[in-house]
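All remarks here apply to the structure that follows.
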Amino acid sequence: MKRLSLALLLAILLVPFSCGNNKVETGPLQPIVILYENDVHCAIDGYAKLAGLRNTLNDSNYVAVVSAGDYLQGGTAGALSFGAHIMDIQTAVGYDAMTLGNHEFDYYTDRLLELVGEYNPPVVCANLYDAKTGERVFPAYVIRQYGPRKVAFIGALTPETADAEFYALHDEAGEDLYDLKPETVYQLVQEAADEARAEGADFVIVLSHLGEQPIIQNVDSHGLIAATKGIDAVLDGHSHATVPGEYLTNAAGEKVLISQTGTAFKNIGKLVIDEEGKISNELIPVDSLTEEDPAVAEALARVKQQMDETAARVIGDSEVDLRINDASGNRMVRRSETNTGDLLCDAMRYATGAQIALSNGGGIRTDVPAGTITYGDIVAIFPFVNYVCKVNATGDDILAVLEHCTRKAPEVEDGDFPQCSGIRYTVHTSDHRLSGVSVLTENGAWEPLDPEKTCSLATITYCVNGGGFGKLLWDCTGYENTGILYRDAVVDYITKALGGHIGAEYAKPQGRITFVK
């Protein structure tokens, strides 16, 4: 995928955005309804109901549809098409504005820019800059007119993207390709709000993919409100919270509405600006809606047909559930060994011939029940653009990864938690000390890991040249990218090594990772 030049991209973005709503620059004063979503993560069935809700409100309101990010990744529809299926459906919906989430970069920034060039979505983002030219990649805001009043939508992207999606924002030498301005995000949003007001915006809404609490960078939606003024509402995302609507105090002592809808179209947000300019808000459970937009439903059906042609291919069968969650829905793959993590790491060793395999739990995304296993099931479990690779790592390198990535386990989720094959280890939960770290030899015996000995290590590209494993494998020698997506490595392993059948040996975690008090 070729990278669009910044000049070409800006030229594309100057073309008027396409919106599916009937908006006019003159008309009666009537309520403005802003329907919003965040962190949909490829839950595509909700789009037809989102557009259907807009249709039911159109007669007596001006209705906008916006997104606070994380729509391209998270399920089969995104993974099979590297985002194109999602853009097809969103184009049918007709968004007024959308910002970027960190997972919009999961297929690499080149792919994101390619999709923007093809579909021309109304993306706004105040803090994404080209590191080489110093120019902003997308407009900071867009102003939409609804009858006699104007609403500005400003976008803000979490600076955590630079770490979590490191591979997408840096070149192979680790040099910055893009800058998310972590030190000045609040200032950039404030400048955008001031500019929008100067252009005549009556209301300013921030589409924020910052989240409620910072994880890596000290930037979040609550801090944004406290540091700014002139913003009427923040429609937030990233932390997957369900926030029907609460009010926080801004820098001028005024109350600002903030809301999140949850994730995967659990709810649709409905913000109303009445004729007097008063703002109210509610969340509408998607399951309570029955009306669907016919055009969006048709686009959804086309996408599903295309998906079925690829995803329905039978890979084999499994007599066991492939699990990443416990019975309560906790993501155990991020805090302990799981049978699905075992399967992936075994597949990577099979693909590379490496002695050891490690992979981050965050790259393993969903449960699949026992029964027939299709390609779509495997894509749903392993949806990212992660290629299987191999490096030469010393015992010290491997110990550093294990110590760094188990330091919170099992109490706290960590996407870097290392699933494994060909190696076993014990974590002492009182002080997170490791013991009993041993590796499987060619003759099938286990021997202690030698800190000075070099081992061949299979992993995924994200854990070497991306943000995974704390970048501790960055300097390892002998890097080889197989060019095989990790999901396809699992398919090969199931069909060839397991004869198309996942048996009782994967019924539960195989005891590679032990926790003791």
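Letters A, B, ... go to the chains of the structure tokens in the order shown; residues in each chain start at 1; ligands are counted from 1 in the same order.
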Q: From a DSSP pass on the backbone, collect the residues of range 138-328 of chain A flagged as alpha helix (DSSP H) and hand them back as JSON, numbers by chain.
A: {"A": [161, 162, 163, 164, 166, 167, 168, 169, 185, 186, 187, 188, 189, 190, 191, 192, 193, 194, 195, 196, 197, 198, 221, 222, 223, 224, 225, 226, 227, 294, 295, 296, 297, 298, 299, 300, 301, 302, 303, 304, 305, 306, 307, 308, 309, 310, 311]}
Give me the residues within 8 Å of range 376-385 of chain A as an NGL selection string, counting only C-alpha atoms and dropping any in the same chain fewer than 4 places off. :A and (73-76 or 78-80 or 106-107 or 310-313 or 363-368 or 485-487 or 490-491)
Would you list the contacts of Ala489 in chain A as a ChimeraX atom specification, taking every protein, DNA or RNA residue within 7 Å and counting only C-alpha atoms, but skipping same-chain residues closer than 4 positions in sequence? /A:347-348,351,484-485,493
**OP:** Pick out the residues sitting within 12 Å of Gln187 in chain A, and hand them over as number ranges by chain; count only C-alpha atoms, and ignore anything fewer than 3 positions along from it in its own chain.
**Re:** A: 126-127, 156, 181-184, 190-194, 219, 223-229
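From CA of Glu337 in chain A back to CA of Ala504 in chain A, the distance works out to 16.5 Å.
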Neighbouring residues of Gly436 in chain A were defined as those with any atom within 12 Å, considering only C-alpha atoms; residues of the same chain fewer than 4 positions away were excluded. Please report them as a list in words. Leu399, Ile423, Arg424, Tyr425, Thr426, Val427, His428, Trp446, Glu447, Pro448, Leu449, Asp450, Arg512, Ile513, Thr514, Phe515 and Val516 of chain A
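Among the candidates A:Glu480, A:Asp317, A:Ser359, A:Ala354, the residue lying nearest to Gly500 in chain A is A:Asp317 (atoms considered: only C-alpha atoms).
Those residues that approach Arg54 in chain A to within 8 Å, counting only C-alpha atoms, are Leu35, Val63, Ala64 and Val65 of chain A; same-chain residues fewer than 5 positions away are not listed.
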Output file for the residues above (N, CA and C atoms, as a compact mmCIF listing (two decimals), in the first residue's frame):
# COMPACT_ATOMS: atom_id res chain seq x y z
N LEU A 35 -26.58 12.42 16.86
CA LEU A 35 -26.47 11.00 17.19
C LEU A 35 -25.00 10.62 17.12
N VAL A 63 -30.72 16.59 12.10
CA VAL A 63 -30.06 15.45 12.72
C VAL A 63 -28.67 15.26 12.13
N ALA A 64 -27.69 15.18 13.01
CA ALA A 64 -26.31 14.90 12.62
C ALA A 64 -25.92 13.52 13.13
N VAL A 65 -24.96 12.89 12.45
CA VAL A 65 -24.41 11.61 12.88
C VAL A 65 -22.89 11.75 12.95
- For Phe138 in chain A: contacts at 6 Å, only C-alpha atoms, fewer than 2 positions along chain excluded, given as number ranges by chain: A: 124-125, 136
Find the nearest atom pair between each residue of range 150-211 of chain A and range 254-270 of chain A for residues within 10 Å, count only C-alpha atoms, give distances in Å to one decimal, sort rows by chain and ascending number, and present the table as CSV.
residue,atom,partner,partner_atom,distance
A:Ile205,CA,A:Leu257,CA,9.6
A:Val206,CA,A:Ile258,CA,9.5
A:Ser208,CA,A:Gln260,CA,9.7
A:Gly211,CA,A:Gln260,CA,8.9
Extract the full set of strand (DSSP E) residues from range 169-266 of chain A according to DSSP on the backbone, and format it as a PDB file with N, CA and C atoms, in the first residue's frame.
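What landed in selection_17.pdb:
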ATOM      1  N   TYR A 178       4.851  10.589  12.303  1.00  0.00           N
ATOM      2  CA  TYR A 178       3.725  11.441  12.688  1.00  0.00           C
ATOM      3  C   TYR A 178       3.895  11.863  14.138  1.00  0.00           C
ATOM      4  N   ASP A 179       3.307  12.987  14.468  1.00  0.00           N
ATOM      5  CA  ASP A 179       3.428  13.561  15.812  1.00  0.00           C
ATOM      6  C   ASP A 179       2.023  13.833  16.330  1.00  0.00           C
ATOM      7  N   PHE A 203     -22.214  26.500  18.318  1.00  0.00           N
ATOM      8  CA  PHE A 203     -21.935  25.445  19.285  1.00  0.00           C
ATOM      9  C   PHE A 203     -20.656  24.721  18.873  1.00  0.00           C
ATOM     10  N   VAL A 204     -19.909  24.260  19.866  1.00  0.00           N
ATOM     11  CA  VAL A 204     -18.661  23.536  19.606  1.00  0.00           C
ATOM     12  C   VAL A 204     -18.726  22.195  20.333  1.00  0.00           C
ATOM     13  N   ILE A 205     -18.597  21.138  19.569  1.00  0.00           N
ATOM     14  CA  ILE A 205     -18.620  19.777  20.102  1.00  0.00           C
ATOM     15  C   ILE A 205     -17.271  19.128  19.802  1.00  0.00           C
ATOM     16  N   VAL A 206     -16.649  18.523  20.812  1.00  0.00           N
ATOM     17  CA  VAL A 206     -15.398  17.797  20.607  1.00  0.00           C
ATOM     18  C   VAL A 206     -15.695  16.307  20.482  1.00  0.00           C
ATOM     19  N   LEU A 207     -15.228  15.714  19.398  1.00  0.00           N
ATOM     20  CA  LEU A 207     -15.249  14.266  19.227  1.00  0.00           C
ATOM     21  C   LEU A 207     -13.911  13.766  19.750  1.00  0.00           C
ATOM     22  N   SER A 208     -13.944  13.227  20.932  1.00  0.00           N
ATOM     23  CA  SER A 208     -12.718  12.933  21.669  1.00  0.00           C
ATOM     24  C   SER A 208     -12.457  11.437  21.717  1.00  0.00           C
ATOM     25  N   HIS A 209     -11.284  11.033  21.254  1.00  0.00           N
ATOM     26  CA  HIS A 209     -10.858   9.660  21.506  1.00  0.00           C
ATOM     27  C   HIS A 209      -9.678   9.722  22.479  1.00  0.00           C
ATOM     28  N   ALA A 233     -19.782  20.462  24.557  1.00  0.00           N
ATOM     29  CA  ALA A 233     -19.904  19.049  24.919  1.00  0.00           C
ATOM     30  C   ALA A 233     -18.689  18.292  24.400  1.00  0.00           C
ATOM     31  N   VAL A 234     -18.354  17.225  25.104  1.00  0.00           N
ATOM     32  CA  VAL A 234     -17.299  16.309  24.680  1.00  0.00           C
ATOM     33  C   VAL A 234     -17.922  14.931  24.545  1.00  0.00           C
ATOM     34  N   LEU A 235     -17.946  14.424  23.328  1.00  0.00           N
ATOM     35  CA  LEU A 235     -18.428  13.072  23.056  1.00  0.00           C
ATOM     36  C   LEU A 235     -17.196  12.197  22.977  1.00  0.00           C
ATOM     37  N   ASP A 236     -17.019  11.381  23.992  1.00  0.00           N
ATOM     38  CA  ASP A 236     -15.742  10.742  24.257  1.00  0.00           C
ATOM     39  C   ASP A 236     -15.722   9.293  23.787  1.00  0.00           C
ATOM     40  N   THR A 242     -19.562   3.521  29.769  1.00  0.00           N
ATOM     41  CA  THR A 242     -20.943   3.905  29.485  1.00  0.00           C
ATOM     42  C   THR A 242     -21.272   5.098  30.372  1.00  0.00           C
ATOM     43  N   VAL A 243     -21.319   6.268  29.762  1.00  0.00           N
ATOM     44  CA  VAL A 243     -21.541   7.517  30.492  1.00  0.00           C
ATOM     45  C   VAL A 243     -22.750   8.218  29.866  1.00  0.00           C
ATOM     46  N   PRO A 244     -23.948   8.081  30.454  1.00  0.00           N
ATOM     47  CA  PRO A 244     -25.142   8.684  29.848  1.00  0.00           C
ATOM     48  C   PRO A 244     -25.039  10.188  29.673  1.00  0.00           C
ATOM     49  N   GLY A 245     -24.291  10.820  30.527  1.00  0.00           N
ATOM     50  CA  GLY A 245     -24.116  12.264  30.446  1.00  0.00           C
ATOM     51  C   GLY A 245     -23.854  12.833  31.820  1.00  0.00           C
ATOM     52  N   GLU A 246     -22.688  13.411  32.003  1.00  0.00           N
ATOM     53  CA  GLU A 246     -22.380  14.097  33.251  1.00  0.00           C
ATOM     54  C   GLU A 246     -21.751  15.437  32.915  1.00  0.00           C
ATOM     55  N   TYR A 247     -21.680  16.304  33.893  1.00  0.00           N
ATOM     56  CA  TYR A 247     -21.180  17.653  33.641  1.00  0.00           C
ATOM     57  C   TYR A 247     -19.917  17.895  34.447  1.00  0.00           C
ATOM     58  N   LEU A 248     -18.885  18.364  33.758  1.00  0.00           N
ATOM     59  CA  LEU A 248     -17.620  18.701  34.383  1.00  0.00           C
ATOM     60  C   LEU A 248     -17.369  20.201  34.222  1.00  0.00           C
ATOM     61  N   THR A 249     -16.538  20.742  35.079  1.00  0.00           N
ATOM     62  CA  THR A 249     -16.270  22.185  35.069  1.00  0.00           C
ATOM     63  C   THR A 249     -15.077  22.490  34.180  1.00  0.00           C
ATOM     64  N   LYS A 255     -20.119  24.543  33.125  1.00  0.00           N
ATOM     65  CA  LYS A 255     -20.364  23.112  33.042  1.00  0.00           C
ATOM     66  C   LYS A 255     -20.359  22.652  31.584  1.00  0.00           C
ATOM     67  N   VAL A 256     -19.671  21.536  31.356  1.00  0.00           N
ATOM     68  CA  VAL A 256     -19.568  20.968  30.015  1.00  0.00           C
ATOM     69  C   VAL A 256     -20.031  19.517  30.054  1.00  0.00           C
ATOM     70  N   LEU A 257     -20.916  19.167  29.140  1.00  0.00           N
ATOM     71  CA  LEU A 257     -21.421  17.804  29.066  1.00  0.00           C
ATOM     72  C   LEU A 257     -20.348  16.855  28.536  1.00  0.00           C
ATOM     73  N   ILE A 258     -20.246  15.650  29.124  1.00  0.00           N
ATOM     74  CA  ILE A 258     -19.380  14.610  28.593  1.00  0.00           C
ATOM     75  C   ILE A 258     -20.155  13.296  28.598  1.00  0.00           C
ATOM     76  N   SER A 259     -19.954  12.491  27.547  1.00  0.00           N
ATOM     77  CA  SER A 259     -20.694  11.239  27.440  1.00  0.00           C
ATOM     78  C   SER A 259     -19.889  10.222  26.642  1.00  0.00           C
ATOM     79  N   GLN A 260     -20.119   8.930  26.932  1.00  0.00           N
ATOM     80  CA  GLN A 260     -19.629   7.817  26.127  1.00  0.00           C
ATOM     81  C   GLN A 260     -20.748   6.793  26.003  1.00  0.00           C
ATOM     82  N   THR A 261     -20.742   6.038  24.911  1.00  0.00           N
ATOM     83  CA  THR A 261     -21.832   5.102  24.645  1.00  0.00           C
ATOM     84  C   THR A 261     -21.508   3.659  25.010  1.00  0.00           C
TER      85      THR A 261
END
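With distances restricted to only C-alpha atoms, A:Asp414 is the closest residue to Arg331 in chain A from A:Glu298, A:Asp414, A:Glu276, A:Asp346.
Proximity to Thr482 in chain A was assessed for A:Phe153, A:Tyr62, A:Tyr387, A:Tyr167 counting only C-alpha atoms; the smallest distance is recorded for A:Tyr387.
Of the listed residues (A:Tyr146, A:Val437, A:Asp88, A:Lys453), A:Tyr146 comes nearest to Glu275 in chain A; the distances count only C-alpha atoms.
Residue nearest Gly422 in chain A within the list A:Glu319, A:Asp342, A:Glu160, A:Asp396: A:Asp342 [criterion: smallest interatomic distance, only C-alpha atoms].
Here CA of Pro410 in chain A stands at a distance of 9.5 Å from CA of His432 in chain A.
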